[in-house]
$ cat entry_11.cif   # mmCIF, C-alpha atoms
data_target
loop_
_atom_site.label_atom_id
_atom_site.label_comp_id
_atom_site.auth_asym_id
_atom_site.auth_seq_id
_atom_site.Cartn_x
_atom_site.Cartn_y
_atom_site.Cartn_z
CA MET B 12 -75.07 -34.06 -41.45
CA TYR B 13 -75.34 -36.57 -44.30
CA ALA B 14 -72.95 -38.41 -46.61
CA ILE B 15 -73.62 -38.17 -50.34
CA GLY B 16 -76.15 -40.76 -51.44
CA SER B 17 -77.20 -41.55 -47.86
CA LYS B 18 -80.48 -40.59 -46.25
CA LYS B 19 -79.14 -41.34 -42.76
CA ASN B 20 -78.36 -38.42 -40.51
CA LEU B 21 -74.83 -39.23 -39.34
CA ILE B 22 -75.41 -37.57 -35.98
CA SER B 23 -78.87 -38.72 -34.92
CA ASN B 24 -79.40 -42.01 -36.75
CA GLU B 25 -78.95 -44.97 -34.41
CA LEU B 26 -77.11 -46.99 -37.08
CA CYS B 27 -74.56 -44.17 -37.49
CA LYS B 28 -73.96 -43.60 -33.78
CA ASP B 29 -70.67 -45.56 -33.76
CA TYR B 30 -69.41 -43.66 -36.79
CA TYR B 31 -70.21 -40.28 -35.27
CA GLU B 32 -68.60 -41.20 -31.93
CA THR B 33 -65.46 -42.19 -33.83
CA VAL B 34 -65.03 -38.81 -35.56
CA LYS B 35 -66.94 -36.22 -33.52
CA ASP B 36 -63.78 -34.71 -32.00
CA LEU B 37 -62.37 -34.16 -35.49
CA LEU B 38 -65.63 -32.75 -36.85
CA SER B 39 -65.61 -29.96 -34.28
CA HIS B 40 -61.90 -29.08 -34.55
CA GLU B 41 -61.46 -25.49 -35.79
CA LEU B 42 -59.02 -26.42 -38.57
CA VAL B 43 -61.15 -29.31 -39.80
CA LEU B 44 -64.09 -26.89 -39.91
CA LYS B 45 -61.86 -24.61 -42.03
CA MET B 46 -62.22 -27.19 -44.82
CA LYS B 47 -65.72 -25.73 -45.30
CA ASP B 48 -64.00 -22.70 -46.85
CA TYR B 49 -62.65 -24.67 -49.80
CA ILE B 50 -64.48 -26.26 -52.71
CA GLN B 51 -63.43 -29.78 -53.64
CA HIS B 52 -65.61 -31.06 -56.50
CA GLY B 53 -68.25 -28.94 -58.20
CA THR B 54 -70.02 -27.24 -55.31
CA THR B 55 -69.02 -29.78 -52.65
CA THR B 56 -66.76 -28.40 -49.94
CA THR B 57 -63.63 -30.23 -48.90
CA TYR B 58 -65.28 -30.72 -45.49
CA GLN B 59 -68.33 -32.44 -47.02
CA HIS B 60 -66.15 -34.49 -49.37
CA CYS B 61 -64.11 -35.72 -46.42
CA ILE B 62 -67.28 -36.62 -44.51
CA ASN B 63 -68.49 -38.57 -47.55
CA VAL B 64 -65.21 -40.46 -47.85
CA SER B 65 -64.90 -40.97 -44.11
CA TYR B 66 -68.40 -42.42 -43.72
CA TYR B 67 -68.18 -44.87 -46.62
CA ASN B 68 -64.63 -45.83 -45.73
CA TYR B 69 -65.84 -46.58 -42.19
CA ARG B 70 -68.77 -48.68 -43.46
CA LEU B 71 -66.62 -50.72 -45.85
CA CYS B 72 -63.83 -51.26 -43.33
CA LYS B 73 -66.41 -52.41 -40.78
CA PHE B 74 -68.04 -54.71 -43.33
CA PHE B 75 -64.70 -56.36 -44.14
CA GLY B 76 -63.63 -56.61 -40.48
CA LEU B 77 -60.85 -54.07 -40.85
CA ASP B 78 -59.88 -51.08 -38.70
CA ALA B 79 -63.01 -48.95 -39.20
CA ARG B 80 -61.79 -46.35 -36.71
CA ALA B 81 -58.64 -45.72 -38.74
CA GLY B 82 -60.68 -45.72 -41.94
CA ALA B 83 -63.13 -43.13 -40.61
CA ARG B 84 -60.59 -40.82 -38.99
CA ALA B 85 -58.08 -40.91 -41.85
CA GLY B 86 -60.95 -40.53 -44.31
CA LEU B 87 -61.91 -37.30 -42.60
CA LEU B 88 -58.32 -36.04 -42.74
CA HIS B 89 -57.26 -37.38 -46.15
CA ASP B 90 -57.70 -33.95 -47.83
CA PHE B 91 -56.71 -31.81 -44.84
CA PHE B 92 -54.50 -29.58 -47.03
CA LEU B 93 -56.30 -26.25 -46.33
CA TYR B 94 -55.77 -24.37 -49.60
CA ASP B 95 -57.73 -23.77 -52.79
CA TRP B 96 -56.37 -26.30 -55.25
CA HIS B 97 -58.35 -24.71 -58.07
CA VAL B 98 -55.91 -21.78 -58.17
CA ASP B 99 -53.31 -24.04 -59.79
CA ARG B 100 -55.26 -26.71 -61.69
CA SER B 101 -52.19 -28.76 -62.58
CA MET B 102 -51.96 -32.47 -61.90
CA ILE B 103 -49.28 -31.75 -59.33
CA HIS B 104 -51.98 -31.19 -56.68
CA GLY B 105 -53.07 -34.81 -57.07
CA ILE B 106 -49.54 -35.93 -56.33
CA THR B 107 -48.56 -33.44 -53.60
CA HIS B 108 -51.68 -32.85 -51.50
CA PRO B 109 -51.58 -36.18 -49.62
CA LYS B 110 -48.21 -35.25 -48.12
CA LYS B 111 -49.49 -31.79 -47.14
CA ALA B 112 -52.65 -33.35 -45.62
CA LEU B 113 -50.50 -35.78 -43.62
CA GLU B 114 -48.23 -32.96 -42.39
CA ASN B 115 -51.27 -30.95 -41.24
CA ALA B 116 -52.99 -33.95 -39.66
CA SER B 117 -49.81 -35.07 -37.86
CA ALA B 118 -49.29 -31.58 -36.48
CA HIS B 119 -52.75 -31.50 -34.88
CA PHE B 120 -53.78 -35.10 -34.20
CA GLU B 121 -52.24 -38.34 -32.99
CA LEU B 122 -52.29 -40.77 -35.89
CA SER B 123 -51.74 -44.50 -36.08
CA GLU B 124 -49.44 -45.94 -38.74
CA CYS B 125 -52.49 -47.17 -40.62
CA GLU B 126 -54.07 -43.69 -40.57
CA LYS B 127 -50.82 -42.16 -41.86
CA ASP B 128 -50.71 -44.68 -44.70
CA ILE B 129 -54.35 -44.00 -45.60
CA ILE B 130 -53.78 -40.25 -45.80
CA LEU B 131 -50.45 -40.45 -47.61
CA LYS B 132 -51.45 -43.02 -50.22
CA HIS B 133 -55.13 -42.29 -50.86
CA MET B 134 -54.27 -41.00 -54.36
CA PHE B 135 -52.59 -44.21 -55.51
CA PRO B 136 -51.54 -44.76 -58.30
CA LEU B 137 -50.60 -41.06 -58.60
CA THR B 138 -48.60 -41.34 -55.38
CA ILE B 139 -46.69 -44.30 -56.87
CA LYS B 140 -46.14 -46.20 -53.58
CA PRO B 141 -48.92 -48.77 -53.17
CA PRO B 142 -51.07 -49.03 -50.04
CA SER B 143 -49.52 -50.90 -47.10
CA TYR B 144 -52.88 -51.60 -45.45
CA LYS B 145 -56.19 -52.96 -46.72
CA GLU B 146 -57.87 -49.87 -45.24
CA THR B 147 -55.75 -47.74 -47.58
CA ALA B 148 -56.77 -49.80 -50.61
CA ILE B 149 -60.40 -49.20 -49.66
CA ILE B 150 -60.01 -45.41 -49.43
CA VAL B 151 -58.36 -45.34 -52.87
CA ILE B 152 -61.64 -46.66 -54.28
CA VAL B 153 -64.00 -44.78 -51.94
CA ASP B 154 -62.32 -41.41 -52.63
CA LYS B 155 -62.73 -41.86 -56.39
CA TYR B 156 -66.34 -43.02 -55.98
CA CYS B 157 -67.26 -40.02 -53.79
CA GLY B 158 -65.46 -37.57 -56.08
CA LEU B 159 -67.38 -38.85 -59.10
CA ALA B 160 -70.68 -38.87 -57.20
CA GLU B 161 -70.08 -35.24 -56.13
CA ILE B 162 -69.23 -34.14 -59.67
CA PHE B 163 -72.25 -35.90 -61.20
CA SER B 164 -74.53 -34.60 -58.45
CA ASN B 165 -73.39 -31.08 -59.25
CA ILE B 166 -73.97 -31.60 -63.00
CA PHE B 167 -77.40 -33.14 -62.36
CA ASN B 168 -78.40 -30.19 -60.13
CA LYS B 169 -77.31 -27.68 -62.80
CA ILE B 170 -79.36 -29.48 -65.45
CA LYS B 171 -82.36 -29.75 -63.12
CA ASN B 172 -82.15 -26.03 -62.28
CA LYS B 173 -81.84 -25.08 -65.94
CA PHE B 174 -84.98 -27.03 -66.89
CA SER B 175 -86.95 -25.87 -63.85
CA LYS B 176 -86.39 -22.23 -64.87
CA LYS B 177 -87.82 -22.75 -68.37
CA GLN B 178 -91.41 -21.76 -68.76
CA VAL B 179 -93.74 -24.22 -70.38
CA PHE B 180 -96.54 -22.74 -72.57
#

$ encode --input "entry_11.cif" --output "structure tokens"
Amino acid sequence: MYAIGSKKNLISNELCKDYYETVKDLLSHELVLKMKDYIQHGTTTTYQHCINVSYYNYRLCKFFGLDARAGARAGLLHDFFLYDWHVDRSMIHGITHPKKALENASAHFELSECEKDIILKHMFPLTIKPPSYKETAIIVIVDKYCGLAEIFSNIFNKIKNKFSKKQVF
């Protein structure tokens, strides 16, 4: 298990041990695993996207001396909406899915106030209400970074595959 742009195995790498211990119960939960059934950006599943966001949110929160546990756990649940948002491609998903993710997460996991804020406001400024915690401000940036990295990774892979299929004479 890797985060986008990282060569560290999040399960076996010694430097990632704390991260994995923080989220391993969530990673094995049957409904969290259900996120593998939905595509988020390009070919990246919602599950992988949430791992990407969770890992980098954890690292940045830890670096800044913030609540890395809340950052990691909420990062993993921030898109816990469990539906295919591509069916209705309107901007309304960007505004409504944080509330649905929080409802789902609250129904299945005990969440701190910080974790709730992270999940509910990760789409700021679309969600209008600004972050109440520094950890939430971090996920706002990390989520956009990971989304863009996933999209560009997908585009790069398509281009690479297209050129690798061409025969050179």

$ closest_residue --input "entry_11.cif" --among "B:Glu114, B:Asp90, B:Glu146, B:Glu126" --to "Gly158 of chain B" --atoms "only C-alpha atoms"
B:Asp90

$ resolve_selection --input "entry_11.cif" --expression "the PyMOL selection byres ((chain B and resi 128) around 9)" --output "CSV table (one decimal) with C-alpha atoms, in the coordinates of the input"
chain,number,residue,atom,x,y,z
B,85,ALA,CA,-58.1,-40.9,-41.8
B,113,LEU,CA,-50.5,-35.8,-43.6
B,123,SER,CA,-51.7,-44.5,-36.1
B,124,GLU,CA,-49.4,-45.9,-38.7
B,125,CYS,CA,-52.5,-47.2,-40.6
B,126,GLU,CA,-54.1,-43.7,-40.6
B,127,LYS,CA,-50.8,-42.2,-41.9
B,129,ILE,CA,-54.4,-44.0,-45.6
B,130,ILE,CA,-53.8,-40.2,-45.8
B,131,LEU,CA,-50.4,-40.4,-47.6
B,132,LYS,CA,-51.4,-43.0,-50.2
B,133,HIS,CA,-55.1,-42.3,-50.9
B,142,PRO,CA,-51.1,-49.0,-50.0
B,143,SER,CA,-49.5,-50.9,-47.1
B,144,TYR,CA,-52.9,-51.6,-45.4
B,146,GLU,CA,-57.9,-49.9,-45.2
B,147,THR,CA,-55.8,-47.7,-47.6

$ resolve_selection --input "entry_11.cif" --expression "the PyMOL selection byres ((chain B and resi 20-28) around 12)" --output "PyMOL selection string"
chain B and resi 12-19+29-35+38+62-63+65-67+69-70+83

$ resolve_selection --input "entry_11.cif" --expression "the PyMOL selection byres ((chain B and resi 94) around 10)" --output "tab-separated table (two decimals) with C-alpha atoms, in the frame of the given file"
chain	number	residue	atom	x	y	z
B	45	LYS	CA	-61.86	-24.61	-42.03
B	46	MET	CA	-62.22	-27.19	-44.82
B	48	ASP	CA	-64.00	-22.70	-46.85
B	49	TYR	CA	-62.65	-24.67	-49.80
B	50	ILE	CA	-64.48	-26.26	-52.71
B	57	THR	CA	-63.63	-30.23	-48.90
B	90	ASP	CA	-57.70	-33.95	-47.83
B	91	PHE	CA	-56.71	-31.81	-44.84
B	92	PHE	CA	-54.50	-29.58	-47.03
B	93	LEU	CA	-56.30	-26.25	-46.33
B	95	ASP	CA	-57.73	-23.77	-52.79
B	96	TRP	CA	-56.37	-26.30	-55.25
B	97	HIS	CA	-58.35	-24.71	-58.07
B	98	VAL	CA	-55.91	-21.78	-58.17
B	108	HIS	CA	-51.68	-32.85	-51.50

$ closest_residue --input "entry_11.cif" --among "B:Leu37, B:Lys73, B:Leu44, B:Val64" --to "Leu159 of chain B" --atoms "all atoms listed in the file"
B:Val64

$ closest_residue --input "entry_11.cif" --among "B:Ile139, B:Cys61, B:Ile103, B:Val43" --to "Val153 of chain B" --atoms "only C-alpha atoms"
B:Cys61

$ closest_atom_pairs --input "entry_11.cif" --of "segment 29-112 of chain B" --to "segment 148-152 of chain B" --cutoff "8 Å" --atoms "only C-alpha atoms" --output "JSON lines"
{"residue": "B:Val64", "atom": "CA", "partner": "B:Ile150", "partner_atom": "CA", "distance": 7.4}
{"residue": "B:Asn68", "atom": "CA", "partner": "B:Ile150", "partner_atom": "CA", "distance": 5.9}
{"residue": "B:Leu71", "atom": "CA", "partner": "B:Ile149", "partner_atom": "CA", "distance": 7.5}
{"residue": "B:Cys72", "atom": "CA", "partner": "B:Ile149", "partner_atom": "CA", "distance": 7.5}
{"residue": "B:Gly82", "atom": "CA", "partner": "B:Ile150", "partner_atom": "CA", "distance": 7.5}
{"residue": "B:Gly86", "atom": "CA", "partner": "B:Ile150", "partner_atom": "CA", "distance": 7.1}

$ closest_residue --input "entry_11.cif" --among "B:Tyr156, B:Phe174, B:Asp78, B:Pro109" --to "His60 of chain B" --atoms "only C-alpha atoms"
B:Tyr156

$ atom_distance --input "entry_11.cif" --atom1 "atom CA of Ala118 of chain B" --atom2 "atom CA of Leu88 of chain B"
11.9 Å

$ atom_distance --input "entry_11.cif" --atom1 "atom CA of Thr55 of chain B" --atom2 "atom CA of Glu161 of chain B"
6.6 Å

$ atom_distance --input "entry_11.cif" --atom1 "atom CA of Thr54 of chain B" --atom2 "atom CA of Cys157 of chain B"
13.2 Å

$ closest_residue --input "entry_11.cif" --among "B:Lys111, B:Ser117, B:His89, B:Phe163" --to "Met134 of chain B" --atoms "all atoms listed in the file"
B:His89
